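First up is the structure itself, then whatever we jot down about it.
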Number of protein chains: 2
Amino acid sequence: MALNSNPLPSWNDTATRNAIVGFVEAVTLEGGPDFVPPEERVATFDNDGTLWTEKPMPIELGFILQRFAEMAAQDASLRDKQPFKAAYEKNYGWLGETITQHYQGDDANVKVLLGGILKAFAGMTVEDYTASAHTFLHHGKHPTLGRIFAECGFLPMIELLRYLEANNFTTFIASGGDRDFMRPVTWTAYGIPPERVIGSSNALRYMPDEHGGSLTYQAEPDVFDDGPIKPVRIWSRTGRRPIMAAGNSNGDIHMLQWAGGQGRPALCLLVLHDDAEREFDYVGGAEKSLDLAKEHGWTVVSVKNDWATVFAE
Amino acid sequence: MALNSNPLPSWNDTATRNAIVGFVEAVTLEGGPDFVPPEERVATFDNDGTLWTEKPMPIELGFILQRFAEMAAQDASLRDKQPFKAAYEKNYGWLGETITQHYQGDDANVKVLLGGILKAFAGMTVEDYTASAHTFLHHGKHPTLGRIFAECGFLPMIELLRYLEANNFTTFIASGGDRDFMRPVTWTAYGIPPERVIGSSNALRYMPDEHGGSLTYQAEPDVFDDGPIKPVRIWSRTGRRPIMAAGNSNGDIHMLQWAGGQGRPALCLLVLHDDAEREFDYVGGAEKSLDLAKEHGWTVVSVKNDWATVFAE
């Protein structure tokens with residue numbers, strides 16, 4: 001990194017930015033007390049609310065609702081059943097509540113929603129699902145920001161990914177979101193290839209045929225990659241314990257706690273959404289993580305104060 | 001790749017080598033009929049018998065036997081129970097049969113063995129397991145080759161990995177072997193980082209504590225990454241369908257069948273162990289894959305005829 005270059009131009013010159021740069025300089029200083037060899041420099045990022053916007057509802061949910069609405073349009077018997085009913089009637093309140101309830105520890109509606117998702121994509125091949133998600137992400141528009149979904153990433157966080165990589169970190173996405181939904185956008189939006197995307201998924205099965213066979217989603221879940229499952233999934237994919245982790249909600253607590261370890265330094269970032277003007281202002285689902293940030297000394301990133309720019313032009 | 005350099009010096013100038021070079025040249029020729037963009041150039045390699053030697057028994061089995069024998073030495077009640085009995089008595093015949101029976105479709109003994117493995121490592125942290133595997137791999141010696149296990153990789157296959165990477169392929173290991181056993185050796189032996197190692201694993205659980213928590217193996221399996229599970233695991237880790245796959249046994253059939261797809265070219269390699277002098281000579285567990293190689297036109301790699309050198313000096 002040239003001395004005069006600014007690797008984080010969309011970050012204000014605040015204590016948060018200093019904490020980030022100070023950490024990276026410490027772990028890369030050969031012979032220094034906090035030096036970490038390049039092969040151990042693993043950084044993991046949550047996606048929804050950390051790398052891109054998640055309000056008024058997670059972007060993936062829009063994709064799922066579109067599918068539910070299509071199904072209810074074709075099959076009238078689905079129109080008085082949740083979650084198809086909410087999608088068909090465009091009653092997004094039911095879905096917002098479902099997410100907030102999940103972060104508060106109540107998963108009753110989440111189960112109804114997940115049951116619908118399993119039904120919605122069962123039997124689809126991975127290639128068809130990828131193509132469908134790609135179209136949605138690269139052509140659909142965010143309902144209030146008016147941006148193409150693929151352009152809803154936070155520019156300061158994308159700069160942070162590049163800054164870390166320039167310092168020989170290997171970066172990963174570790175999200176509760178659906179792995180195969182994210183992959184068609186992570187490379188263009190964040191510069192992260194599909195093998196570095198960790199997330200939830202439904203079960204897959206290989207079905208042989210005369211053209212080499214195909215992989216199709218089954219009507220059963222595989223893993224919901226949230227909370228204490230995040231460290232398990234990160235290890236299974238990376239084989240290393242991260243020294244840097246970034247999240248924004250209670251679902252990221254275990255990932256943030258686990259970062260570092262074995263006497264190594266760690267940088268734990270928690271994005272606080274406090275900018276109603278440029279993005280959104282909310283703490284729902286993040287209360288406990290914000291309390292723990294104080295207790296553990298995690299670095300809270302204020303969208304309002306720490307980011308000079310939120311989205312790329 | 002400079003015109004005068006030979007990227008595969010340990011390969012003889014045979015039809016097999018020509019098939020490999022011809023494939024790589026075809027998929028990298030921009031504007032050519034078989035061109036595949038760099039981001040779709042994914043290559044997957046089985047490990048045991050494909051990247052390194054698997055006889056007289058898989059290297060991982062030696063590690064497990066060592067642990068079984070330690071357990072039986074400490075607990076006499078284990079000494080008349082399989083698989084501890086075989087390990088304690090050094091009766092490796094029982095174990096060789098178990099592997100052969102598995103490739104022939106009979107998994108009764110495999111289940112006994114897997115039960116023992118679950119018991120052997122339950123409660124261990126990922127860091128302790130890694131350290132133990134590292135010691136075994138970098139200090140233990142192969143019983144007949146006399147080489148350190150970490151040096152039992154096939155030099156021609158390692159050259160092939162580098163040749164593919166020089167042509168913008170992303171390479172992965174997709175093995176039935178234990179993921180976390182392989183990782184401490186894949187980087188030094190094959191140049192493959194831990195995030196590109198796909199394999200079997202036992203279940204893990206995150207256990208919080210005051211030092212950030214730890215991940216420990218549970219006494220339950222997660223995935224046995226063999227046969228029709230290989231394409232599922234490859235997709236889950238890579239998000240792409242490989243255009244090149246290499247294996248050596250019936251457990252690799254589905255991975256080899258799945259490679260390519262969607263009208264794209266594919267290179268499928270099957271390593272045939274036919275060199276008793278320099279390595280081993282056997283087809284047990286590979287019979288069906290060898291039949292299918294003829295049917296599908298997979299490229300059979302003869303250790304005896306196609307490899308000028310088997311192991312690095």
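Ordering of the structure tokens sets the chain letters (A, B, ...), residue numbers begin anew at 1 in every chain, and ligands are numbered from 1 in the order given.
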
inquiry  = Taking 5 positions as the minimum chain separation for residues in the same chain, which residues sit within 8 Å of stretch 12-24 of chain A when counting only C-alpha atoms? Answer as a list in words.
reply    = Leu164, Asn167, Ala266, Leu267, Thr299, Val300, Val301, Asn305, Asp306, Trp307 and Ala308 of chain A

Exercise for the section: May I ask you to extract the residues of chain A within 7 Å of chain B, using only C-alpha atoms, and to give them as a PyMOL selection string? Expected result: chain A and resi 194-195+204-206+211-213+215+228+231-232+237-239+257-258+261

Can you write just those residues out, all heavy atoms, as a short mmCIF file (atom, residue, chain, number, x, y, z; two decimals), in the first residue's frame?
data_model
loop_
_atom_site.label_atom_id
_atom_site.label_comp_id
_atom_site.auth_asym_id
_atom_site.auth_seq_id
_atom_site.Cartn_x
_atom_site.Cartn_y
_atom_site.Cartn_z
N PRO A 194 -17.65 -17.37 -5.91
CA PRO A 194 -18.65 -18.24 -5.28
C PRO A 194 -18.09 -19.20 -4.23
O PRO A 194 -18.79 -19.53 -3.28
CB PRO A 194 -19.27 -19.01 -6.46
CG PRO A 194 -18.49 -18.65 -7.68
CD PRO A 194 -17.70 -17.44 -7.39
N GLU A 195 -16.83 -19.63 -4.37
CA GLU A 195 -16.29 -20.58 -3.38
C GLU A 195 -16.01 -19.89 -2.05
O GLU A 195 -15.73 -20.57 -1.07
CB GLU A 195 -15.02 -21.28 -3.90
CG GLU A 195 -13.80 -20.40 -4.05
CD GLU A 195 -13.67 -19.83 -5.45
OE1 GLU A 195 -14.70 -19.69 -6.14
OE2 GLU A 195 -12.53 -19.51 -5.87
N LEU A 204 -29.62 -30.70 -1.38
CA LEU A 204 -29.48 -30.96 -2.81
C LEU A 204 -29.35 -32.46 -3.04
O LEU A 204 -28.86 -33.18 -2.17
CB LEU A 204 -28.22 -30.28 -3.36
CG LEU A 204 -28.28 -28.77 -3.54
CD1 LEU A 204 -26.89 -28.21 -3.81
CD2 LEU A 204 -29.21 -28.42 -4.70
N ARG A 205 -29.80 -32.90 -4.22
CA ARG A 205 -29.58 -34.30 -4.56
C ARG A 205 -29.10 -34.40 -6.01
O ARG A 205 -29.57 -33.67 -6.88
CB ARG A 205 -30.86 -35.12 -4.38
CG ARG A 205 -30.59 -36.63 -4.60
CD ARG A 205 -31.80 -37.47 -4.25
NE ARG A 205 -32.19 -37.28 -2.86
CZ ARG A 205 -33.37 -37.64 -2.36
NH1 ARG A 205 -34.28 -38.21 -3.13
NH2 ARG A 205 -33.66 -37.43 -1.09
N TYR A 206 -28.14 -35.31 -6.21
CA TYR A 206 -27.66 -35.58 -7.58
C TYR A 206 -28.58 -36.57 -8.24
O TYR A 206 -28.81 -37.67 -7.71
CB TYR A 206 -26.23 -36.14 -7.52
CG TYR A 206 -25.69 -36.55 -8.87
CD1 TYR A 206 -25.33 -35.61 -9.82
CD2 TYR A 206 -25.56 -37.90 -9.20
CE1 TYR A 206 -24.86 -35.99 -11.07
CE2 TYR A 206 -25.08 -38.29 -10.44
CZ TYR A 206 -24.73 -37.33 -11.37
OH TYR A 206 -24.25 -37.72 -12.60
N HIS A 211 -27.25 -36.88 -19.66
CA HIS A 211 -26.39 -35.71 -19.94
C HIS A 211 -25.46 -35.38 -18.77
O HIS A 211 -25.13 -34.22 -18.56
CB HIS A 211 -27.26 -34.51 -20.27
CG HIS A 211 -28.26 -34.76 -21.35
ND1 HIS A 211 -27.89 -35.06 -22.64
CD2 HIS A 211 -29.62 -34.80 -21.34
CE1 HIS A 211 -28.98 -35.27 -23.38
NE2 HIS A 211 -30.03 -35.11 -22.61
N GLY A 212 -25.10 -36.38 -17.98
CA GLY A 212 -24.19 -36.12 -16.87
C GLY A 212 -24.90 -35.86 -15.55
O GLY A 212 -24.26 -35.67 -14.53
N GLY A 213 -26.22 -35.84 -15.58
CA GLY A 213 -26.96 -35.66 -14.34
C GLY A 213 -27.08 -34.21 -13.93
O GLY A 213 -26.47 -33.32 -14.53
N LEU A 215 -28.13 -31.44 -10.33
CA LEU A 215 -28.38 -31.26 -8.90
C LEU A 215 -29.69 -30.51 -8.74
O LEU A 215 -29.86 -29.43 -9.32
CB LEU A 215 -27.25 -30.45 -8.26
CG LEU A 215 -25.89 -31.14 -8.18
CD1 LEU A 215 -24.85 -30.15 -7.66
CD2 LEU A 215 -25.96 -32.35 -7.26
N PRO A 228 -24.97 -19.80 16.50
CA PRO A 228 -23.84 -20.69 16.80
C PRO A 228 -23.44 -21.59 15.63
O PRO A 228 -22.39 -22.24 15.68
CB PRO A 228 -24.36 -21.53 17.98
CG PRO A 228 -25.84 -21.40 17.95
CD PRO A 228 -26.15 -20.06 17.33
N PRO A 231 -19.90 -20.16 13.30
CA PRO A 231 -18.52 -20.63 13.45
C PRO A 231 -18.31 -22.03 12.85
O PRO A 231 -17.26 -22.29 12.23
CB PRO A 231 -18.31 -20.65 14.97
CG PRO A 231 -19.28 -19.66 15.51
CD PRO A 231 -20.48 -19.74 14.60
N VAL A 232 -19.29 -22.91 12.98
CA VAL A 232 -19.18 -24.27 12.43
C VAL A 232 -19.03 -24.21 10.91
O VAL A 232 -18.15 -24.85 10.32
CB VAL A 232 -20.41 -25.13 12.81
CG1 VAL A 232 -20.39 -26.46 12.08
CG2 VAL A 232 -20.47 -25.33 14.33
N ARG A 237 -15.79 -24.44 5.87
CA ARG A 237 -15.42 -23.90 4.57
C ARG A 237 -14.00 -23.37 4.51
O ARG A 237 -13.39 -23.35 3.44
CB ARG A 237 -16.36 -22.75 4.17
CG ARG A 237 -17.81 -23.11 3.98
CD ARG A 237 -17.99 -24.43 3.31
NE ARG A 237 -19.26 -24.57 2.64
CZ ARG A 237 -20.31 -25.21 3.15
NH1 ARG A 237 -20.24 -25.76 4.35
NH2 ARG A 237 -21.43 -25.33 2.46
N THR A 238 -13.47 -22.86 5.61
CA THR A 238 -12.18 -22.17 5.55
C THR A 238 -11.07 -22.94 6.24
O THR A 238 -9.89 -22.71 5.96
CB THR A 238 -12.25 -20.78 6.21
OG1 THR A 238 -12.33 -20.95 7.64
CG2 THR A 238 -13.46 -19.99 5.74
N GLY A 239 -11.39 -23.78 7.20
CA GLY A 239 -10.38 -24.51 7.94
C GLY A 239 -9.53 -23.62 8.83
O GLY A 239 -8.45 -24.02 9.26
N GLN A 257 -17.72 -13.44 18.57
CA GLN A 257 -17.05 -13.95 19.78
C GLN A 257 -15.90 -14.88 19.43
O GLN A 257 -14.87 -14.91 20.09
CB GLN A 257 -18.06 -14.70 20.66
CG GLN A 257 -19.00 -13.76 21.41
CD GLN A 257 -20.04 -14.50 22.23
OE1 GLN A 257 -20.52 -15.56 21.83
NE2 GLN A 257 -20.41 -13.93 23.36
N TRP A 258 -16.11 -15.67 18.39
CA TRP A 258 -15.16 -16.73 18.03
C TRP A 258 -13.90 -16.17 17.35
O TRP A 258 -12.83 -16.79 17.39
CB TRP A 258 -15.86 -17.73 17.12
CG TRP A 258 -15.09 -18.96 16.77
CD1 TRP A 258 -14.53 -19.85 17.62
CD2 TRP A 258 -14.81 -19.43 15.44
NE1 TRP A 258 -13.93 -20.86 16.91
CE2 TRP A 258 -14.09 -20.63 15.58
CE3 TRP A 258 -15.12 -18.97 14.16
CZ2 TRP A 258 -13.66 -21.37 14.47
CZ3 TRP A 258 -14.69 -19.71 13.08
CH2 TRP A 258 -13.97 -20.89 13.23
N GLY A 261 -9.07 -15.70 19.09
CA GLY A 261 -8.77 -16.95 19.79
C GLY A 261 -7.28 -17.19 19.94
O GLY A 261 -6.45 -16.50 19.34
#

Quick one: residues within 7 Å of B:Arg41, only C-alpha atoms counted, chain neighbours fewer than 2 positions away excluded, as JSON, numbers by chain? {"B": [36, 37, 38, 39, 43, 168, 169, 170, 242, 243]}

For the residues selected in the previous step, produce a file with all heavy atoms as an mmCIF file, in the first residue's frame.
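Saved result, out33.cif, follows:
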data_model
loop_
_atom_site.group_PDB
_atom_site.id
_atom_site.type_symbol
_atom_site.label_atom_id
_atom_site.label_comp_id
_atom_site.auth_asym_id
_atom_site.auth_seq_id
_atom_site.Cartn_x
_atom_site.Cartn_y
_atom_site.Cartn_z
ATOM 1 N N VAL B 36 -13.974 -21.759 -22.616
ATOM 2 C CA VAL B 36 -14.712 -21.650 -21.348
ATOM 3 C C VAL B 36 -14.113 -20.466 -20.590
ATOM 4 O O VAL B 36 -12.891 -20.416 -20.397
ATOM 5 C CB VAL B 36 -14.578 -22.947 -20.518
ATOM 6 C CG1 VAL B 36 -15.248 -22.789 -19.152
ATOM 7 C CG2 VAL B 36 -15.172 -24.138 -21.273
ATOM 8 N N PRO B 37 -14.931 -19.500 -20.171
ATOM 9 C CA PRO B 37 -14.364 -18.337 -19.473
ATOM 10 C C PRO B 37 -13.645 -18.749 -18.192
ATOM 11 O O PRO B 37 -14.017 -19.741 -17.555
ATOM 12 C CB PRO B 37 -15.591 -17.470 -19.140
ATOM 13 C CG PRO B 37 -16.756 -18.082 -19.813
ATOM 14 C CD PRO B 37 -16.387 -19.462 -20.274
ATOM 15 N N PRO B 38 -12.608 -17.989 -17.795
ATOM 16 C CA PRO B 38 -11.799 -18.365 -16.626
ATOM 17 C C PRO B 38 -12.643 -18.642 -15.380
ATOM 18 O O PRO B 38 -12.339 -19.578 -14.633
ATOM 19 C CB PRO B 38 -10.896 -17.147 -16.422
ATOM 20 C CG PRO B 38 -10.789 -16.519 -17.766
ATOM 21 C CD PRO B 38 -12.091 -16.786 -18.455
ATOM 22 N N GLU B 39 -13.695 -17.863 -15.141
ATOM 23 C CA GLU B 39 -14.462 -18.047 -13.905
ATOM 24 C C GLU B 39 -15.233 -19.369 -13.884
ATOM 25 O O GLU B 39 -15.697 -19.793 -12.826
ATOM 26 C CB GLU B 39 -15.398 -16.860 -13.648
ATOM 27 C CG GLU B 39 -16.467 -16.638 -14.687
ATOM 28 C CD GLU B 39 -16.012 -15.723 -15.832
ATOM 29 O OE1 GLU B 39 -14.785 -15.552 -16.024
ATOM 30 O OE2 GLU B 39 -16.886 -15.189 -16.527
ATOM 31 N N ALA B 43 -11.729 -27.256 -11.532
ATOM 32 C CA ALA B 43 -11.219 -28.629 -11.633
ATOM 33 C C ALA B 43 -11.240 -29.267 -10.249
ATOM 34 O O ALA B 43 -10.812 -28.652 -9.272
ATOM 35 C CB ALA B 43 -9.794 -28.631 -12.188
ATOM 36 N N ASN B 168 -5.591 -20.459 -15.385
ATOM 37 C CA ASN B 168 -6.743 -19.816 -14.731
ATOM 38 C C ASN B 168 -7.856 -20.765 -14.304
ATOM 39 O O ASN B 168 -9.018 -20.357 -14.188
ATOM 40 C CB ASN B 168 -7.310 -18.692 -15.597
ATOM 41 C CG ASN B 168 -6.320 -17.568 -15.749
ATOM 42 O OD1 ASN B 168 -5.790 -17.076 -14.757
ATOM 43 N ND2 ASN B 168 -6.025 -17.185 -16.988
ATOM 44 N N PHE B 169 -7.516 -22.009 -14.092
ATOM 45 C CA PHE B 169 -8.449 -22.917 -13.431
ATOM 46 C C PHE B 169 -8.394 -22.659 -11.925
ATOM 47 O O PHE B 169 -7.338 -22.297 -11.394
ATOM 48 C CB PHE B 169 -8.056 -24.377 -13.661
ATOM 49 C CG PHE B 169 -8.486 -24.956 -14.979
ATOM 50 C CD1 PHE B 169 -7.836 -24.568 -16.155
ATOM 51 C CD2 PHE B 169 -9.506 -25.889 -15.053
ATOM 52 C CE1 PHE B 169 -8.223 -25.108 -17.374
ATOM 53 C CE2 PHE B 169 -9.889 -26.433 -16.270
ATOM 54 C CZ PHE B 169 -9.244 -26.038 -17.440
ATOM 55 N N THR B 170 -9.521 -22.880 -11.237
ATOM 56 C CA THR B 170 -9.503 -22.951 -9.783
ATOM 57 C C THR B 170 -9.609 -24.430 -9.422
ATOM 58 O O THR B 170 -10.515 -25.126 -9.886
ATOM 59 C CB THR B 170 -10.673 -22.160 -9.170
ATOM 60 O OG1 THR B 170 -10.670 -20.840 -9.718
ATOM 61 C CG2 THR B 170 -10.514 -22.063 -7.655
ATOM 62 N N PRO B 242 -17.794 -28.417 -12.342
ATOM 63 C CA PRO B 242 -16.428 -28.501 -12.873
ATOM 64 C C PRO B 242 -16.416 -28.845 -14.360
ATOM 65 O O PRO B 242 -17.347 -29.487 -14.863
ATOM 66 C CB PRO B 242 -15.792 -29.637 -12.065
ATOM 67 C CG PRO B 242 -16.643 -29.762 -10.843
ATOM 68 C CD PRO B 242 -18.029 -29.374 -11.258
ATOM 69 N N ILE B 243 -15.352 -28.435 -15.039
ATOM 70 C CA ILE B 243 -15.153 -28.902 -16.418
ATOM 71 C C ILE B 243 -14.006 -29.913 -16.476
ATOM 72 O O ILE B 243 -13.718 -30.457 -17.533
ATOM 73 C CB ILE B 243 -14.888 -27.750 -17.416
ATOM 74 C CG1 ILE B 243 -13.649 -26.941 -17.023
ATOM 75 C CG2 ILE B 243 -16.117 -26.850 -17.536
ATOM 76 C CD1 ILE B 243 -13.171 -26.009 -18.142
#

Restricting to only C-alpha atoms, whichever of A:Leu29, A:Leu61, A:Leu137, A:Leu160 is closest to A:Pro9 is A:Leu160

* strand (DSSP E) residues, from DSSP on the backbone, in stretch 204-295 of chain B, as a list in words ->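 Filtering stretch 204-295 of chain B down to strand (DSSP E) leaves Leu204, Arg205, Tyr206, Met207, Ser214, Leu215, Thr216, Tyr217, Gln218, Ala219, Glu220, Pro221, Asp222, Val223, Met244, Ala245, Ala246, Gly247, Leu267, Cys268, Leu269, Leu270, Val271, Leu272, His273, Asp274, Asp281 and Tyr282 of chain B.
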
Per-residue nearest contacts of stretch 266-300 of chain B to stretch 82-101 of chain B (10 Å; only C-alpha atoms) as a Markdown table:
| residue | atom | partner | partner_atom | distance |
| --- | --- | --- | --- | --- |
| B:Gly284 | CA | B:Thr100 | CA | 6.4 |
| B:Gly285 | CA | B:Thr100 | CA | 5.8 |
| B:Ala286 | CA | B:Thr100 | CA | 9.6 |

Task: Distance of atom CA of A:Leu8 from atom CA of A:Ala246, expressed in Å to one decimal place - done: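 Computed distance, atom CA of A:Ala246 to atom CA of A:Leu8, equals 16.1 Å.
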
One decimal place gives the atom CA of B:Tyr282-atom CA of B:Phe311 separation as 18.1 Å

Item to complete: Identify, with DSSP run on backbone atoms, the residues in stretch 142-307 of chain B assigned to alpha helix (DSSP H), and express the list as a PyMOL selection string.
Response: chain B and resi 155-166+179-190+229-238+253-258+287-296+303-306
